[in-house]
>>> print(open('coords_24.cif').read())   # mmCIF, C-alpha atoms
data_query
#
loop_
_atom_site.label_atom_id
_atom_site.label_comp_id
_atom_site.auth_asym_id
_atom_site.auth_seq_id
_atom_site.Cartn_x
_atom_site.Cartn_y
_atom_site.Cartn_z
CA MET A 1 -12.94 -105.91 -178.34
CA SER A 2 -15.89 -108.13 -177.48
CA GLY A 3 -16.31 -111.41 -179.28
CA ASP A 4 -19.70 -112.97 -179.96
CA HIS A 5 -19.55 -115.03 -176.79
CA GLU A 6 -18.89 -112.02 -174.58
CA ASP A 7 -21.59 -110.13 -176.43
CA ALA A 8 -24.17 -112.82 -175.66
CA SER A 9 -23.08 -112.84 -172.02
CA ILE A 10 -23.39 -109.09 -171.51
CA SER A 11 -26.61 -109.06 -173.47
CA ARG A 12 -28.04 -111.56 -170.93
CA ARG A 13 -26.77 -109.48 -168.01
CA VAL A 14 -28.36 -106.31 -169.39
CA ARG A 15 -31.70 -108.14 -169.79
CA ARG A 16 -31.36 -109.48 -166.24
CA LEU A 17 -30.75 -105.96 -164.94
CA GLU A 18 -33.82 -104.67 -166.77
CA THR A 19 -35.92 -107.47 -165.27
CA LEU A 20 -34.62 -106.80 -161.75
CA LEU A 21 -35.30 -103.06 -162.03
CA GLU A 22 -38.79 -103.75 -163.30
CA GLU A 23 -39.49 -106.21 -160.45
CA LYS A 24 -38.26 -103.66 -157.94
CA GLY A 25 -40.46 -101.00 -159.52
CA VAL A 26 -37.45 -98.77 -160.25
CA VAL A 27 -37.65 -98.53 -164.04
CA THR A 28 -40.10 -100.17 -166.41
CA GLY A 29 -39.13 -101.50 -169.83
CA GLY A 30 -41.58 -99.01 -171.35
CA ALA A 31 -39.76 -96.13 -169.67
CA VAL A 32 -36.45 -97.32 -171.12
CA ASP A 33 -37.99 -97.46 -174.60
CA GLU A 34 -39.39 -93.99 -174.18
CA VAL A 35 -36.16 -92.29 -173.08
CA LEU A 36 -34.18 -94.14 -175.73
CA ASP A 37 -36.58 -92.99 -178.47
CA ALA A 38 -36.44 -89.41 -177.19
CA PHE A 39 -32.65 -89.60 -177.01
CA LEU A 40 -32.33 -90.75 -180.62
CA ALA A 41 -35.03 -88.44 -181.98
CA GLY A 42 -33.32 -85.32 -180.62
CA ALA A 43 -29.84 -86.16 -181.85
CA SER A 44 -28.78 -86.04 -185.50
CA PRO A 45 -25.92 -84.71 -187.63
CA ALA A 46 -28.63 -83.17 -189.82
CA ASN A 47 -29.04 -80.60 -187.01
CA GLY A 48 -25.37 -79.59 -187.09
CA ALA A 49 -25.52 -79.47 -190.89
CA ARG A 50 -28.45 -77.02 -190.71
CA VAL A 51 -26.46 -74.76 -188.40
CA VAL A 52 -23.50 -74.81 -190.79
CA ALA A 53 -25.65 -74.05 -193.85
CA ARG A 54 -27.21 -71.10 -192.04
CA ALA A 55 -23.77 -69.77 -191.10
CA TRP A 56 -22.61 -70.12 -194.71
CA THR A 57 -25.55 -68.11 -196.03
CA ASP A 58 -26.12 -65.53 -193.28
CA GLU A 59 -23.05 -63.54 -192.25
CA ALA A 60 -24.70 -62.06 -189.16
CA TYR A 61 -25.68 -65.56 -188.00
CA ARG A 62 -22.12 -66.80 -188.61
CA GLU A 63 -20.78 -64.07 -186.35
CA ARG A 64 -23.30 -64.88 -183.61
CA LEU A 65 -22.45 -68.58 -183.95
CA LEU A 66 -18.73 -67.99 -183.48
CA THR A 67 -19.29 -65.56 -180.60
CA ASP A 68 -21.80 -67.61 -178.61
CA GLY A 69 -22.47 -71.03 -180.13
CA THR A 70 -25.00 -72.08 -177.49
CA ALA A 71 -27.24 -69.05 -178.04
CA ALA A 72 -26.93 -69.26 -181.83
CA VAL A 73 -27.94 -72.92 -182.09
CA ARG A 74 -30.85 -72.25 -179.72
CA GLU A 75 -32.14 -69.75 -182.28
CA LEU A 76 -32.64 -72.79 -184.54
CA GLY A 77 -34.22 -74.83 -181.74
CA PHE A 78 -31.25 -76.99 -180.73
CA MET A 79 -29.73 -77.62 -177.27
CA ASP A 80 -32.71 -76.02 -175.56
CA GLY A 81 -32.46 -76.50 -171.81
CA SER A 82 -29.00 -78.02 -172.04
CA PHE A 83 -26.59 -76.98 -169.30
CA GLN A 84 -23.66 -77.45 -171.67
CA ARG A 85 -21.90 -74.71 -173.57
CA LEU A 86 -21.18 -75.03 -177.27
CA ARG A 87 -18.16 -73.43 -178.87
CA VAL A 88 -18.08 -73.45 -182.67
CA VAL A 89 -14.60 -73.32 -184.22
CA GLU A 90 -14.20 -72.16 -187.80
CA ASN A 91 -11.93 -73.70 -190.42
CA THR A 92 -10.09 -71.19 -192.60
CA ASP A 93 -7.37 -71.24 -195.26
CA ALA A 94 -4.80 -71.15 -192.49
CA THR A 95 -6.32 -73.32 -189.75
CA HIS A 96 -8.13 -76.63 -189.57
CA ASN A 97 -9.95 -77.68 -186.39
CA VAL A 98 -10.69 -81.14 -185.01
CA ILE A 99 -12.49 -82.19 -181.84
CA VAL A 100 -11.84 -84.99 -179.35
CA CYS A 101 -12.64 -85.96 -175.78
CA THR A 102 -9.39 -87.38 -174.43
CA LEU A 103 -10.99 -88.37 -171.11
CA CYS A 104 -13.95 -90.26 -172.55
CA SER A 105 -16.58 -89.26 -175.08
CA CYS A 106 -18.04 -85.76 -174.56
CA TYR A 107 -19.63 -84.66 -177.81
CA PRO A 108 -22.36 -82.25 -178.98
CA LEU A 109 -24.89 -85.05 -179.27
CA ALA A 110 -27.90 -82.93 -180.22
CA LEU A 111 -26.04 -81.52 -183.23
CA LEU A 112 -24.02 -84.54 -184.34
CA GLY A 113 -26.10 -87.55 -183.27
CA PRO A 114 -24.62 -90.48 -181.34
CA SER A 115 -20.85 -90.52 -181.70
CA PRO A 116 -19.10 -93.14 -183.83
CA GLY A 117 -17.16 -95.98 -182.19
CA TRP A 118 -13.78 -94.61 -183.24
CA TYR A 119 -14.45 -91.27 -181.49
CA LYS A 120 -14.66 -93.20 -178.21
CA SER A 121 -11.62 -95.39 -178.88
CA GLU A 122 -8.37 -95.09 -176.93
CA ALA A 123 -6.51 -94.94 -180.26
CA TYR A 124 -8.29 -91.77 -181.44
CA ARG A 125 -8.37 -90.12 -178.01
CA SER A 126 -4.70 -90.69 -177.31
CA ARG A 127 -3.29 -89.95 -180.74
CA VAL A 128 -5.22 -87.01 -182.19
CA VAL A 129 -3.76 -84.63 -179.59
CA ARG A 130 -0.19 -85.83 -180.25
CA GLU A 131 -0.12 -86.36 -184.01
CA PRO A 132 -3.26 -84.80 -185.51
CA ARG A 133 -1.84 -84.55 -189.01
CA SER A 134 -1.22 -88.27 -189.35
CA VAL A 135 -4.52 -89.12 -187.67
CA LEU A 136 -6.41 -86.95 -190.16
CA ALA A 137 -4.51 -88.64 -192.99
CA GLU A 138 -5.81 -92.00 -191.72
CA PHE A 139 -9.29 -90.61 -192.27
CA GLY A 140 -8.27 -89.66 -195.80
CA LEU A 141 -7.87 -85.95 -195.02
CA ARG A 142 -4.41 -84.83 -196.13
CA LEU A 143 -3.77 -81.22 -195.22
CA PRO A 144 -0.89 -79.15 -196.58
CA THR A 145 1.85 -78.57 -194.02
CA SER A 146 1.11 -74.85 -194.31
CA THR A 147 -2.29 -75.47 -192.65
CA ASP A 148 -2.17 -75.29 -188.87
CA ILE A 149 -4.24 -77.84 -186.98
CA THR A 150 -5.98 -76.96 -183.72
CA VAL A 151 -7.29 -79.80 -181.57
CA TRP A 152 -10.13 -79.03 -179.14
CA ASP A 153 -10.47 -81.30 -176.10
CA SER A 154 -14.08 -81.45 -174.90
CA SER A 155 -15.18 -81.42 -171.30
CA ALA A 156 -18.34 -82.11 -169.35
CA GLU A 157 -19.29 -78.43 -169.57
CA THR A 158 -18.00 -77.39 -173.00
CA ARG A 159 -18.62 -79.15 -176.29
CA TYR A 160 -17.17 -78.17 -179.65
CA MET A 161 -18.36 -78.31 -183.23
CA VAL A 162 -16.37 -77.49 -186.35
CA LEU A 163 -17.66 -74.97 -188.87
CA PRO A 164 -16.19 -76.37 -192.10
CA ARG A 165 -15.14 -74.22 -195.05
CA ARG A 166 -17.83 -73.72 -197.66
CA PRO A 167 -16.73 -75.45 -200.86
CA GLU A 168 -16.03 -73.34 -203.90
CA GLY A 169 -18.60 -73.34 -206.68
CA THR A 170 -21.59 -73.60 -204.32
CA GLU A 171 -22.81 -70.00 -204.72
CA SER A 172 -26.02 -71.06 -206.44
CA LEU A 173 -27.03 -73.74 -203.90
CA THR A 174 -29.92 -73.25 -201.48
CA GLU A 175 -29.49 -73.58 -197.73
CA ASP A 176 -31.00 -77.09 -197.83
CA GLU A 177 -28.69 -78.15 -200.63
CA LEU A 178 -25.71 -76.80 -198.71
CA ALA A 179 -26.78 -78.65 -195.55
CA ALA A 180 -26.86 -81.89 -197.54
CA LEU A 181 -23.13 -81.49 -198.27
CA VAL A 182 -22.14 -81.41 -194.61
CA THR A 183 -21.14 -84.77 -193.15
CA ARG A 184 -20.85 -85.71 -189.50
CA ASN A 185 -17.09 -86.18 -189.88
CA ALA A 186 -16.82 -82.65 -191.27
CA LEU A 187 -18.48 -81.40 -188.06
CA ILE A 188 -15.91 -83.36 -186.01
CA GLY A 189 -13.05 -82.20 -188.24
CA THR A 190 -11.95 -85.60 -189.56
CA ALA A 191 -13.21 -84.64 -193.02
CA ALA A 192 -13.60 -81.51 -195.11
CA VAL A 193 -16.68 -80.56 -197.12
CA MET B 194 -2.97 -88.79 -160.10
CA ALA B 195 -4.42 -89.35 -163.56
CA ARG B 196 -6.79 -92.27 -163.91
CA ILE B 197 -6.77 -94.80 -166.73
CA ASN B 198 -9.32 -92.88 -168.79
CA ASP B 199 -6.85 -89.96 -169.15
CA VAL B 200 -5.24 -91.28 -172.34
CA GLY B 201 -4.51 -88.00 -174.20
CA GLY B 202 -1.00 -88.17 -175.66
CA THR B 203 -0.32 -91.71 -174.45
CA GLN B 204 1.53 -93.79 -177.03
CA GLY B 205 0.97 -97.39 -177.99
CA PHE B 206 -2.76 -97.65 -178.71
CA GLY B 207 -2.11 -98.37 -182.36
CA ALA B 208 -4.12 -97.52 -185.46
CA ILE B 209 -7.59 -96.00 -185.36
CA ASP B 210 -10.30 -98.27 -186.69
CA THR B 211 -12.01 -95.64 -188.81
CA THR B 212 -14.53 -98.24 -189.96
CA ASP B 213 -15.91 -98.56 -186.41
CA ASP B 214 -18.71 -96.22 -187.25
CA PRO B 215 -22.05 -97.80 -186.27
CA GLU B 216 -25.38 -96.07 -186.72
CA PRO B 217 -25.58 -95.72 -183.81
CA PHE B 218 -25.09 -99.00 -181.87
CA HIS B 219 -23.23 -102.26 -182.50
CA ALA B 220 -25.88 -104.34 -180.75
CA ASP B 221 -29.30 -104.02 -179.11
CA TRP B 222 -27.91 -104.35 -175.62
CA GLU B 223 -25.85 -101.19 -176.12
CA ALA B 224 -29.02 -99.27 -176.86
CA ARG B 225 -30.71 -100.76 -173.78
CA VAL B 226 -27.75 -99.64 -171.64
CA VAL B 227 -28.07 -96.09 -172.97
CA GLY B 228 -31.82 -96.20 -172.29
CA LEU B 229 -31.25 -97.51 -168.75
CA PHE B 230 -28.66 -94.82 -168.07
CA ASN B 231 -31.03 -92.07 -169.17
CA ALA B 232 -34.01 -93.53 -167.30
CA LEU B 233 -32.07 -94.00 -164.04
CA ARG B 234 -30.56 -90.53 -164.24
CA ALA B 235 -33.98 -89.00 -164.96
CA GLN B 236 -35.26 -90.71 -161.79
CA GLY B 237 -32.47 -89.09 -159.79
CA ILE B 238 -30.91 -92.42 -158.80
CA PHE B 239 -27.54 -91.05 -159.84
CA ASN B 240 -26.29 -88.00 -161.66
CA THR B 241 -23.94 -87.60 -164.62
CA ASN B 242 -20.91 -86.74 -162.50
CA GLU B 243 -21.34 -89.83 -160.32
CA PHE B 244 -21.66 -91.89 -163.47
CA ARG B 245 -18.55 -90.41 -165.03
CA ASP B 246 -16.61 -91.00 -161.81
CA ALA B 247 -17.77 -94.63 -161.71
CA ILE B 248 -16.44 -95.17 -165.25
CA GLU B 249 -13.12 -93.51 -164.47
CA ALA B 250 -12.76 -95.57 -161.28
CA ILE B 251 -12.85 -98.90 -163.14
CA PRO B 252 -9.47 -100.56 -162.46
CA PRO B 253 -7.06 -99.96 -165.37
CA ALA B 254 -6.75 -103.54 -166.64
CA ALA B 255 -10.52 -104.03 -166.60
CA TYR B 256 -11.12 -100.60 -168.19
CA LEU B 257 -8.85 -101.41 -171.12
CA SER B 258 -10.40 -104.84 -171.66
CA MET B 259 -13.96 -103.47 -171.85
CA SER B 260 -15.82 -102.01 -174.80
CA TYR B 261 -17.29 -98.53 -174.37
CA TYR B 262 -20.79 -99.64 -173.40
CA GLU B 263 -19.48 -102.45 -171.20
CA ARG B 264 -17.94 -99.63 -169.14
CA TRP B 265 -21.33 -97.93 -169.02
CA PHE B 266 -22.99 -101.14 -167.85
CA THR B 267 -20.30 -101.69 -165.21
CA ALA B 268 -20.68 -98.10 -163.94
CA ILE B 269 -24.47 -98.44 -163.78
CA THR B 270 -24.33 -101.66 -161.76
CA THR B 271 -21.64 -100.24 -159.45
CA LEU B 272 -23.79 -97.19 -158.71
CA LEU B 273 -26.97 -99.25 -158.24
CA GLU B 274 -25.15 -101.38 -155.65
CA ARG B 275 -23.67 -98.32 -153.96
CA LYS B 276 -27.13 -96.73 -153.75
CA GLY B 277 -28.67 -99.92 -152.36
CA VAL B 278 -30.96 -100.48 -155.35
CA LEU B 279 -29.19 -103.77 -156.10
CA GLU B 280 -27.65 -106.15 -153.61
CA SER B 281 -24.04 -107.02 -154.25
CA GLY B 282 -23.95 -110.01 -156.60
CA GLU B 283 -27.70 -109.89 -157.24
CA LEU B 284 -27.11 -109.61 -160.96
CA ASP B 285 -25.11 -112.84 -161.00
CA ASP B 286 -27.83 -115.01 -159.38
#
>>> encode(input="coords_24.cif", output="C-alpha cells")
Amino acid sequence: MSGDHEDASISRRVRRLETLLEEKGVVTGGAVDEVLDAFLAGASPANGARVVARAWTDEAYRERLLTDGTAAVRELGFMDGSFQRLRVVENTDATHNVIVCTLCSCYPLALLGPSPGWYKSEAYRSRVVREPRSVLAEFGLRLPTSTDITVWDSSAETRYMVLPRRPEGTESLTEDELAALVTRNALIGTAAV
Amino acid sequence: MARINDVGGTQGFGAIDTTDDPEPFHADWEARVVGLFNALRAQGIFNTNEFRDAIEAIPPAAYLSMSYYERWFTAITTLLERKGVLESGELDD
C-alpha cells in the first residue's frame, strides 16, 4: 500500500506528533517506549502454544478450556485483568475452525502476539467468511470436502483461538515438545499442526 | 448503515498476500504509533471505543488508500484534535 516516499512522510509526521506531545507534557518518549515494551513482552504465540499443549495432555484442562476459555488461560497466567472474553474452538475430524475480524483486527493478542499483516487486510477479512475453503488453500491448507469449516468473527468483547488437532505419533512427546509444534497460524486456523 | 470497515463478504478485494507477515511491524513508525496509542489510552485521553469509532469514521476512499497503521495514526490525530490536545493543522506546521 505505502511506497517508500509515503513511508518517509508518515514517519516524519509520527515523530512530529511525538515531539508535540512531549512539548505539551502529554506523553514523554520514555513513556511510549515503556508501554510498547510492555505490550510486546506480554504478547506471544508461545503463550497460546502452551495453552494448547496443556489441553492436549490434560483432559480436565481441555474441558475447562472449551467451557470457559478466559478462566482456563488465566490458570496459566494469561489475560489477567483483561475485560475481554476468550472462546476456544476445537478442531475435530469433522470440523475445522478459523478466526477473523471482519470489522477490523480484533485478536487474542496476549496468546498469539501481534497479528500478521494479512489478518488485518481487506482481502482476508472480506473473503474468509464467504469462501473459507479457497482462502485456506491459499495458505496451503487443503481440507477434504467432508470437513466442515466454521468461521468465527471476533468482536471487541469476544476473541477466539483455535485448539488444533494433536498430530498422530506424538504420544511420547513432553508438553514443551508439543508446544513447540504449535504455530501461530495453527492458532488462527490458517494452518494445521 | 454499514461503514467502510464492514467488509465481511464483500467481493473484489483480490488475493490475500499471505507473505505479509511481519514480526511484528513493517517499520519503526508503526511501533511508535502503537506505543502512542497505548500511552494516550492509559492516560485516559481517549478510550478504545472512541478510537475504534474514529477509525471506522474515516471516509471510505481514504480508508481504503491507507495502510493499517496509517488508519491508527489518523484516528489518533483526529481524537487529539477533537479533545483539544492538538490544534487543527498543528501537525502540518
>>> closest_atom_pairs(input="coords_24.cif", of="range 106-152 of chain A", to="range 47-52 of chain A", cutoff="8 Å", atoms="only C-alpha atoms", output="JSON lines")
{"residue": "A:Ala110", "atom": "CA", "partner": "A:Asn47", "partner_atom": "CA", "distance": 7.3}
{"residue": "A:Leu111", "atom": "CA", "partner": "A:Gly48", "partner_atom": "CA", "distance": 4.4}
{"residue": "A:Leu112", "atom": "CA", "partner": "A:Gly48", "partner_atom": "CA", "distance": 5.8}
>>> write_last_selection(input="coords_24.cif", atoms="C-alpha atoms", output="mmCIF file, keeping the file's coordinate frame")
data_model
loop_
_atom_site.group_PDB
_atom_site.id
_atom_site.type_symbol
_atom_site.label_atom_id
_atom_site.label_comp_id
_atom_site.auth_asym_id
_atom_site.auth_seq_id
_atom_site.Cartn_x
_atom_site.Cartn_y
_atom_site.Cartn_z
ATOM 1 C CA ALA A 110 -27.900 -82.930 -180.220
ATOM 2 C CA LEU A 111 -26.040 -81.520 -183.230
ATOM 3 C CA LEU A 112 -24.020 -84.540 -184.340
#
>>> resolve_selection(input="coords_24.cif", expression="the PyMOL selection byres ((chain B and resi 231) around 12)", output="number ranges by chain")
A: 27, 31-40; B: 224-230, 232-241, 244, 265, 269
>>> interface_residues(input="coords_24.cif", of="chain A", to="chain B", cutoff="9 Å", atoms="only C-alpha atoms", output="MDAnalysis selection string")
chainID A and resid 1:2 7 10:18 20:21 24 26:27 29 31:37 39:40 101:104 113:131 135 138:139 156
>>> resolve_selection(input="coords_24.cif", expression="the PyMOL selection byres ((chain A and resi 147) around 6)", output="list in words")
Ala94, Thr95, Pro144, Thr145, Ser146 and Asp148 of chain A
>>> atom_distance(input="coords_24.cif", atom1="CA of Ser9 in chain A", atom2="CA of Gly282 in chain B")
15.7 Å
>>> residues_around(input="coords_24.cif", residues="range 172-181 of chain A", least_positions_apart="4", cutoff="12 Å", atoms="all atoms listed in the file", output="ChimeraX atom specification")
/A:45-58,163-168,185-187,191-193
>>> atom_distance(input="coords_24.cif", atom1="CA of Arg133 in chain A", atom2="CA of Thr70 in chain A")
28.7 Å
>>> atom_distance(input="coords_24.cif", atom1="CA of Tyr160 in chain A", atom2="CA of Arg264 in chain B")
23.9 Å
>>> closest_residue(input="coords_24.cif", among="A:Leu141, A:Ala41, A:Leu136, A:Met161", to="Leu86 in chain A", atoms="all atoms listed in the file")
A:Met161
>>> build_atoms(input="coords_24.cif", residues="range 245-256 of chain B", atoms="all heavy atoms", output="CSV table (one decimal), in the coordinates of the input")
chain,number,residue,atom,x,y,z
B,245,ARG,N,-19.9,-90.6,-164.4
B,245,ARG,CA,-18.6,-90.4,-165.0
B,245,ARG,C,-17.5,-90.9,-164.1
B,245,ARG,O,-16.5,-91.6,-164.5
B,245,ARG,CB,-18.4,-88.9,-165.4
B,245,ARG,CG,-17.1,-88.6,-166.1
B,245,ARG,CD,-17.0,-87.2,-166.5
B,245,ARG,NE,-18.0,-86.8,-167.4
B,245,ARG,CZ,-19.0,-85.9,-167.2
B,245,ARG,NH1,-19.0,-85.2,-166.1
B,245,ARG,NH2,-19.9,-85.6,-168.1
B,246,ASP,N,-17.6,-90.6,-162.8
B,246,ASP,CA,-16.6,-91.0,-161.8
B,246,ASP,C,-16.6,-92.5,-161.7
B,246,ASP,O,-15.5,-93.1,-161.6
B,246,ASP,CB,-17.0,-90.4,-160.4
B,246,ASP,CG,-16.1,-90.9,-159.4
B,246,ASP,OD1,-14.9,-90.6,-159.4
B,246,ASP,OD2,-16.5,-91.7,-158.5
B,247,ALA,N,-17.7,-93.2,-161.8
B,247,ALA,CA,-17.8,-94.6,-161.7
B,247,ALA,C,-17.1,-95.3,-162.9
B,247,ALA,O,-16.4,-96.3,-162.8
B,247,ALA,CB,-19.2,-95.1,-161.6
B,248,ILE,N,-17.2,-94.6,-164.1
B,248,ILE,CA,-16.4,-95.2,-165.2
B,248,ILE,C,-14.9,-95.0,-165.0
B,248,ILE,O,-14.1,-95.9,-165.2
B,248,ILE,CB,-16.9,-94.5,-166.5
B,248,ILE,CG1,-18.3,-94.9,-166.9
B,248,ILE,CG2,-15.9,-94.8,-167.7
B,248,ILE,CD1,-18.8,-94.2,-168.2
B,249,GLU,N,-14.6,-93.8,-164.6
B,249,GLU,CA,-13.1,-93.5,-164.5
B,249,GLU,C,-12.5,-94.3,-163.3
B,249,GLU,O,-11.2,-94.5,-163.3
B,249,GLU,CB,-12.9,-92.0,-164.2
B,249,GLU,CG,-13.4,-91.2,-165.5
B,249,GLU,CD,-13.4,-89.7,-165.2
B,249,GLU,OE1,-12.9,-89.2,-164.1
B,249,GLU,OE2,-13.7,-89.0,-166.2
B,250,ALA,N,-13.3,-94.8,-162.4
B,250,ALA,CA,-12.8,-95.6,-161.3
B,250,ALA,C,-12.6,-97.1,-161.6
B,250,ALA,O,-12.2,-97.8,-160.7
B,250,ALA,CB,-13.7,-95.4,-160.1
B,251,ILE,N,-13.0,-97.5,-162.8
B,251,ILE,CA,-12.8,-98.9,-163.1
B,251,ILE,C,-11.3,-99.2,-163.2
B,251,ILE,O,-10.6,-98.4,-163.7
B,251,ILE,CB,-13.5,-99.2,-164.5
B,251,ILE,CG1,-15.0,-99.0,-164.5
B,251,ILE,CG2,-13.2,-100.6,-165.0
B,251,ILE,CD1,-15.7,-99.1,-165.9
B,252,PRO,N,-10.9,-100.3,-162.5
B,252,PRO,CA,-9.5,-100.6,-162.5
B,252,PRO,C,-8.9,-100.6,-163.9
B,252,PRO,O,-9.5,-101.1,-164.8
B,252,PRO,CB,-9.4,-101.9,-161.8
B,252,PRO,CG,-10.7,-102.0,-161.0
B,252,PRO,CD,-11.7,-101.3,-161.8
B,253,PRO,N,-7.6,-100.1,-164.0
B,253,PRO,CA,-7.1,-100.0,-165.4
B,253,PRO,C,-7.1,-101.2,-166.3
B,253,PRO,O,-7.5,-101.1,-167.4
B,253,PRO,CB,-5.6,-99.6,-165.1
B,253,PRO,CG,-5.7,-98.9,-163.8
B,253,PRO,CD,-6.8,-99.5,-163.0
B,254,ALA,N,-6.8,-102.4,-165.8
B,254,ALA,CA,-6.8,-103.5,-166.6
B,254,ALA,C,-8.2,-103.9,-167.1
B,254,ALA,O,-8.4,-104.2,-168.3
B,254,ALA,CB,-6.2,-104.7,-165.9
B,255,ALA,N,-9.1,-103.7,-166.2
B,255,ALA,CA,-10.5,-104.0,-166.6
B,255,ALA,C,-11.0,-103.0,-167.6
B,255,ALA,O,-11.6,-103.3,-168.6
B,255,ALA,CB,-11.4,-104.1,-165.4
B,256,TYR,N,-10.7,-101.7,-167.3
B,256,TYR,CA,-11.1,-100.6,-168.2
B,256,TYR,C,-10.7,-100.9,-169.6
B,256,TYR,O,-11.4,-100.7,-170.6
B,256,TYR,CB,-10.5,-99.3,-167.7
B,256,TYR,CG,-10.9,-98.1,-168.5
B,256,TYR,CD1,-11.9,-97.2,-168.1
B,256,TYR,CD2,-10.1,-97.7,-169.6
B,256,TYR,CE1,-12.2,-96.1,-168.9
B,256,TYR,CE2,-10.4,-96.6,-170.3
B,256,TYR,CZ,-11.4,-95.7,-170.0
B,256,TYR,OH,-11.7,-94.6,-170.7
